[in-house]
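As stored in structure.cif (mmCIF, C-alpha atoms):
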data_my_file
loop_
_atom_site.label_atom_id
_atom_site.label_comp_id
_atom_site.auth_asym_id
_atom_site.auth_seq_id
_atom_site.Cartn_x
_atom_site.Cartn_y
_atom_site.Cartn_z
CA MET A 28 0.00 0.00 0.00
CA GLU A 29 1.33 3.43 -0.96
CA ASN A 30 1.99 6.06 1.73
CA ARG A 31 -0.97 8.17 0.63
CA GLU A 32 -3.38 5.25 0.96
CA LYS A 33 -1.83 4.23 4.30
CA LEU A 34 -2.41 7.73 5.64
CA LEU A 35 -6.03 7.77 4.46
CA SER A 36 -6.74 4.32 5.87
CA CYS A 37 -5.10 4.98 9.24
CA ALA A 38 -6.76 8.38 9.52
CA LEU A 39 -10.18 6.85 8.86
CA ASP A 40 -9.62 4.19 11.51
CA LEU A 41 -8.47 6.72 14.09
CA PHE A 42 -11.12 9.35 13.26
CA TYR A 43 -13.84 6.72 13.35
CA ALA A 44 -12.69 5.29 16.68
CA ARG A 45 -12.09 8.55 18.52
CA GLY A 46 -13.48 11.42 16.48
CA TYR A 47 -11.76 13.85 14.15
CA ASP A 48 -10.96 16.45 16.78
CA ALA A 49 -9.45 13.93 19.22
CA VAL A 50 -6.80 12.65 16.79
CA GLY A 51 -3.54 14.45 16.16
CA ILE A 52 -1.28 14.41 13.14
CA GLN A 53 1.46 12.58 15.05
CA GLU A 54 -0.90 9.69 15.81
CA ILE A 55 -1.88 9.42 12.17
CA VAL A 56 1.69 9.38 10.84
CA ASP A 57 2.78 6.93 13.55
CA ALA A 58 -0.06 4.56 12.67
CA ALA A 59 0.76 4.84 8.96
CA GLY A 60 4.49 4.41 9.56
CA VAL A 61 5.41 7.62 7.76
CA THR A 62 6.78 11.02 8.74
CA LYS A 63 4.97 14.32 9.15
CA PRO A 64 6.63 15.77 6.03
CA THR A 65 5.18 12.85 4.06
CA MET A 66 1.69 13.64 5.36
CA TYR A 67 2.14 17.34 4.57
CA TYR A 68 3.43 16.48 1.10
CA TYR A 69 0.25 14.60 0.23
CA PHE A 70 -2.37 16.61 2.10
CA GLY A 71 -0.90 19.87 3.38
CA SER A 72 -2.72 19.64 6.71
CA LYS A 73 -4.99 17.49 8.84
CA LYS A 74 -7.93 19.27 7.23
CA GLY A 75 -6.52 18.50 3.77
CA LEU A 76 -6.30 14.83 4.76
CA LEU A 77 -9.91 14.91 5.92
CA GLU A 78 -11.02 16.64 2.71
CA ASP A 79 -9.40 13.95 0.55
CA LEU A 80 -10.85 11.19 2.71
CA ILE A 81 -14.38 12.60 2.61
CA GLN A 82 -14.16 13.45 -1.10
CA GLY A 83 -13.27 9.83 -1.87
CA ILE A 84 -16.27 8.60 0.11
CA PHE A 85 -18.63 10.99 -1.66
CA ASP A 86 -17.17 10.31 -5.11
CA ASP A 87 -18.07 6.64 -4.67
CA LEU A 88 -21.50 7.43 -3.21
CA MET A 89 -22.32 9.96 -5.96
CA GLU A 90 -21.26 7.50 -8.65
CA ALA A 91 -23.69 4.93 -7.22
CA LEU A 92 -26.42 7.59 -6.97
CA GLU A 93 -25.93 8.83 -10.55
CA HIS A 94 -26.11 5.30 -11.89
CA ALA A 95 -29.32 4.70 -9.91
CA CYS A 96 -30.87 7.99 -11.10
CA ALA A 97 -30.37 7.26 -14.78
CA ARG A 98 -33.89 7.18 -16.20
CA ARG A 99 -34.77 4.40 -18.62
CA PRO A 100 -37.70 4.67 -21.02
CA GLU A 101 -39.68 1.98 -19.18
CA ASP A 102 -39.11 3.50 -15.74
CA HIS A 103 -41.78 4.75 -13.42
CA PHE A 104 -40.83 6.90 -10.47
CA PRO A 105 -40.92 4.03 -7.91
CA ASP A 106 -38.38 2.17 -10.09
CA ILE A 107 -35.94 5.05 -9.75
CA LEU A 108 -36.54 5.32 -6.00
CA PHE A 109 -35.97 1.58 -5.70
CA ARG A 110 -32.60 1.88 -7.43
CA ILE A 111 -31.64 4.95 -5.38
CA ALA A 112 -32.60 3.32 -2.06
CA GLY A 113 -30.86 0.07 -2.98
CA ALA A 114 -27.70 1.79 -4.16
CA PHE A 115 -27.54 3.99 -1.09
CA LEU A 116 -28.19 1.24 1.44
CA ARG A 117 -25.81 -1.21 -0.19
CA TYR A 118 -23.11 1.46 -0.33
CA ALA A 119 -23.66 2.58 3.27
CA VAL A 120 -23.73 -0.97 4.64
CA SER A 121 -20.65 -2.08 2.71
CA HIS A 122 -18.85 1.13 3.80
CA GLU A 123 -20.32 1.28 7.29
CA LYS A 124 -17.32 2.88 8.95
CA GLU A 125 -17.03 5.57 6.28
CA TYR A 126 -20.71 6.47 6.24
CA ARG A 127 -21.08 6.48 10.02
CA PHE A 128 -18.07 8.78 10.18
CA VAL A 129 -19.68 11.11 7.62
CA LEU A 130 -22.87 11.25 9.68
CA ALA A 131 -20.90 11.93 12.86
CA LEU A 132 -19.13 14.85 11.19
CA TYR A 133 -22.36 16.23 9.83
CA TYR A 134 -24.02 16.22 13.23
CA THR A 135 -21.15 17.94 15.06
CA GLY A 136 -21.22 21.67 15.72
CA GLU A 137 -21.79 23.86 12.68
CA GLU A 138 -18.45 25.61 13.13
CA ASN A 139 -16.52 22.36 13.58
CA GLU A 140 -13.88 21.82 10.90
CA GLY A 141 -15.19 18.32 10.13
CA HIS A 142 -18.73 19.59 9.71
CA LEU A 143 -17.54 22.34 7.38
CA VAL A 144 -15.76 19.75 5.23
CA VAL A 145 -18.70 17.35 4.95
CA ARG A 146 -21.60 19.82 4.69
CA PRO A 147 -21.09 20.89 1.04
CA LEU A 148 -20.78 17.28 -0.09
CA ILE A 149 -23.97 16.27 1.71
CA GLY A 150 -25.54 19.34 0.14
CA ARG A 151 -24.50 18.14 -3.32
CA TYR A 152 -25.97 14.70 -2.63
CA TYR A 153 -29.20 16.21 -1.30
CA SER A 154 -29.47 18.55 -4.32
CA ARG A 155 -29.29 15.54 -6.60
CA LEU A 156 -32.16 13.91 -4.71
CA VAL A 157 -34.19 17.13 -5.01
CA GLN A 158 -33.53 17.06 -8.75
CA VAL A 159 -34.88 13.50 -8.94
CA PHE A 160 -38.15 14.69 -7.39
CA GLU A 161 -38.28 17.74 -9.67
CA GLU A 162 -37.90 15.47 -12.70
CA ALA A 163 -40.80 13.34 -11.42
CA ALA A 164 -43.17 16.25 -10.72
CA ALA A 165 -45.29 15.60 -13.80
CA GLU A 166 -45.60 11.89 -12.99
CA LEU A 167 -46.45 12.44 -9.32
CA GLY A 168 -48.86 15.31 -9.87
CA ASN A 169 -48.95 16.43 -6.24
CA MET A 170 -45.48 17.87 -5.80
CA TYR A 171 -46.64 21.46 -5.18
CA GLY A 172 -43.12 22.70 -4.54
CA ARG A 173 -42.40 19.97 -1.99
CA GLN A 174 -39.45 18.43 -3.82
CA GLU A 175 -37.07 19.44 -1.03
CA GLN A 176 -39.36 17.95 1.62
CA PHE A 177 -39.64 14.69 -0.27
CA ALA A 178 -35.86 14.48 -0.79
CA LEU A 179 -35.28 15.17 2.88
CA GLY A 180 -37.88 12.58 3.89
CA LEU A 181 -36.34 9.94 1.65
CA GLN A 182 -32.81 10.56 2.90
CA GLY A 183 -34.01 10.59 6.50
CA LEU A 184 -35.73 7.25 6.00
CA LEU A 185 -32.63 5.77 4.36
CA ASP A 186 -30.27 7.09 7.06
CA THR A 187 -32.54 5.77 9.81
CA THR A 188 -32.75 2.39 8.09
CA PHE A 189 -28.96 2.30 7.83
CA LEU A 190 -28.48 3.23 11.50
CA MET A 191 -31.04 0.66 12.64
CA TYR A 192 -29.27 -1.97 10.55
CA CYS A 193 -25.94 -1.01 12.19
CA SER A 194 -27.43 -1.40 15.66
CA GLN A 195 -28.46 -5.02 15.07
CA SER A 196 -26.13 -7.59 16.58
CA ASP A 197 -26.69 -10.07 13.73
CA ARG A 198 -26.10 -7.58 10.90
CA ARG A 199 -23.02 -9.41 9.65
CA THR A 200 -25.21 -12.36 8.68
CA ARG A 201 -27.92 -10.18 7.11
CA GLU A 202 -27.87 -8.28 3.89
CA ILE A 203 -29.96 -5.56 2.36
CA THR A 204 -32.31 -7.52 0.12
CA ASP A 205 -34.49 -6.28 -2.73
CA ASP A 206 -37.52 -7.06 -0.55
CA THR A 207 -36.20 -4.79 2.20
CA VAL A 208 -35.56 -1.99 -0.29
CA ARG A 209 -38.96 -2.50 -1.94
CA SER A 210 -40.67 -2.28 1.45
CA ILE A 211 -38.89 1.00 2.26
CA VAL A 212 -39.82 2.51 -1.10
CA GLN A 213 -43.46 1.40 -0.75
CA GLN A 214 -43.64 2.97 2.71
CA PHE A 215 -42.19 6.20 1.35
CA MET A 216 -44.43 6.24 -1.74
CA TYR A 217 -47.50 5.76 0.44
CA GLY A 218 -46.63 9.06 2.10
CA ILE A 219 -46.32 10.80 -1.25
CA TYR A 220 -49.57 9.50 -2.66
CA SER A 221 -51.64 9.99 0.48
#
For the structure just supplied, provide its representation as structure tokens.
Amino acid sequence: MENREKLLSCALDLFYARGYDAVGIQEIVDAAGVTKPTMYYYFGSKKGLLEDLIQGIFDDLMEALEHACARRPEDHFPDILFRIAGAFLRYAVSHEKEYRFVLALYYTGEENEGHLVVRPLIGRYYSRLVQVFEEAAAELGNMYGRQEQFALGLQGLLDTTFLMYCSQSDRRTREITDDTVRSIVQQFMYGIYS
């Protein structure tokens, strides 16, 4: 493993275990087996390291989201939501440490450096969900300017599902099935159509 990847991996492990603010640069470089100048060469600062780490997480998540959002001629809106929910949950579960860390940063104080790094990326993800609802306005018929509410509701449902999954002791033997995803989408769609 290259030094850059070692630094990212060790930083994630340390940040996840103890929180971004509780981990110093010296701990990260010691864990990675490199020197401070090496860390500064690749990232410039602890914040730069965090930015690269978080950007990598969101690049992967956004790629999965974009693929799920691609509209096919035979699609109906629930089909797209099914793909979005499935892609998100499968990504979050298979990258549990990364996504839990992102959520922890997002829910820290608004002036916290970690929050400031993650907020624009979550905003970009949320904006893409809003766009999905805007594109479906004609099909749904009852949007009435509530695209942002619907996007927020969907993401809240998906995040809660992910966190509940993480809290289960037998989660290693369970997987996110199509039936689970379908059930979540049906529950959400009921709220839209009611």
> Which one of A:Leu190, A:Met89, A:Ile107, A:Val144 sits closest to A:Arg127 if you count all atoms listed in the file?
Replying inline: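 Among A:Leu190, A:Met89, A:Ile107, A:Val144, it is A:Leu190 that comes nearest to A:Arg127.
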>> Can you tell me which residues surround A:Met170 at a distance of at most 9 Å, considering all atoms listed in the file, apart from same-chain residues fewer than 6 positions away, and format the answer as a list in words?
In response: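 Those residues are Phe160, Glu161, Ala163, Ala164, Phe177 and Ile219 of chain A.
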>> If we count only C-alpha atoms and set the cut-off at 8 Å, which residues sit around stretch 72-83 of chain A, ignoring sequence neighbours fewer than 6 positions away in its own chain? Please answer as a ChimeraX atom specification.
In response: /A:35,39,52,66,129,140-141,144-145,148
>> I need the output of the PyMOL selection byres ((chain A and resi 59) around 7) for this file as an NGL selection string; which residues are they?
In response: :A and (33-34 or 37 or 55-58 or 60-61)
> Do you know which residues the PyMOL selection byres ((chain A and resi 102-105) around 8) returns on this file, as a list in words?
Replying inline: Arg98, Arg99, Pro100, Glu101, Asp106, Ile107, Leu108, Phe109, Ala163, Glu166, Leu167, Val212 and Met216 of chain A
> Interatomic distance between atom CA of A:Gln195 and atom CA of A:Thr135?
Replying inline: 24.1 Å
Take every atom of stretch 141-146 of chain A listed in the file, pad by 4 Å on each side, and give me the axis-aligned box centre and edge lengths in Å, one decimal, as JSON.
{"center_x": -18.4, "center_y": 19.8, "center_z": 7.4, "size_x": 14.4, "size_y": 13.0, "size_z": 13.4}
> Given the choices A:Leu184, A:Arg155, A:Ala119, A:Tyr43, which gets closest to A:His94 if the distance is worked out from only C-alpha atoms?
Replying inline: A:Arg155
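Using all atoms listed in the file, the smallest distance between any of A:Cys193, A:Leu92, A:Leu181, A:Val50 and A:Ile111 comes from A:Leu92.
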> How many Å separate atom CA of A:Ile149 from atom CA of A:Gly172?
Replying inline: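 Between these atoms lies a distance of 21.1 Å.
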> Hey, can you check how far atom CA of A:Ala38 sits from atom CA of A:Gln53?
Replying inline: 10.8 Å
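Remark: for A:Tyr69, the closest of the candidate residues A:Asn30, A:Gln214, A:Leu185, A:Thr207 is A:Asn30 (distances computed over all atoms listed in the file).
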> Neighbours of A:Asp205 within 10 Å (all atoms listed in the file; same-chain residues fewer than 6 positions away dropped), as an MDAnalysis selection string?
Replying inline: chainID A and resid 109:110 112:113 211
>> List the spatial neighbours of A:Leu88 as a PyMOL selection string - criterion: any atom at most 9 Å away, all atoms listed in the file, same-chain residues fewer than 5 positions off excluded.
In response: chain A and resi 83+93+114-115+118-119+152
Export of the given selection (C-alpha atoms) as a compact mmCIF listing (two decimals), in the coordinates of the input:
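Result went into result_8.txt, see below:
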# COMPACT_ATOMS: atom_id res chain seq x y z
CA GLY A 83 -13.27 9.83 -1.87
CA GLU A 93 -25.93 8.83 -10.55
CA ALA A 114 -27.70 1.79 -4.16
CA PHE A 115 -27.54 3.99 -1.09
CA TYR A 118 -23.11 1.46 -0.33
CA ALA A 119 -23.66 2.58 3.27
CA TYR A 152 -25.97 14.70 -2.63
> Using only C-alpha atoms, which of the listed residues (A:Asp87, A:Glu138, A:Asp206, A:Asp197) sits closest to A:Ser121?
Replying inline: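 Using only C-alpha atoms, the shortest distance to A:Ser121 belongs to A:Asp87.
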> Between A:Phe42, A:Phe215, A:Phe85, A:Tyr67, which has the minimum distance to A:Gln182 (counting all atoms listed in the file)?
Replying inline: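 Closest to A:Gln182 of all the choices is A:Phe215.
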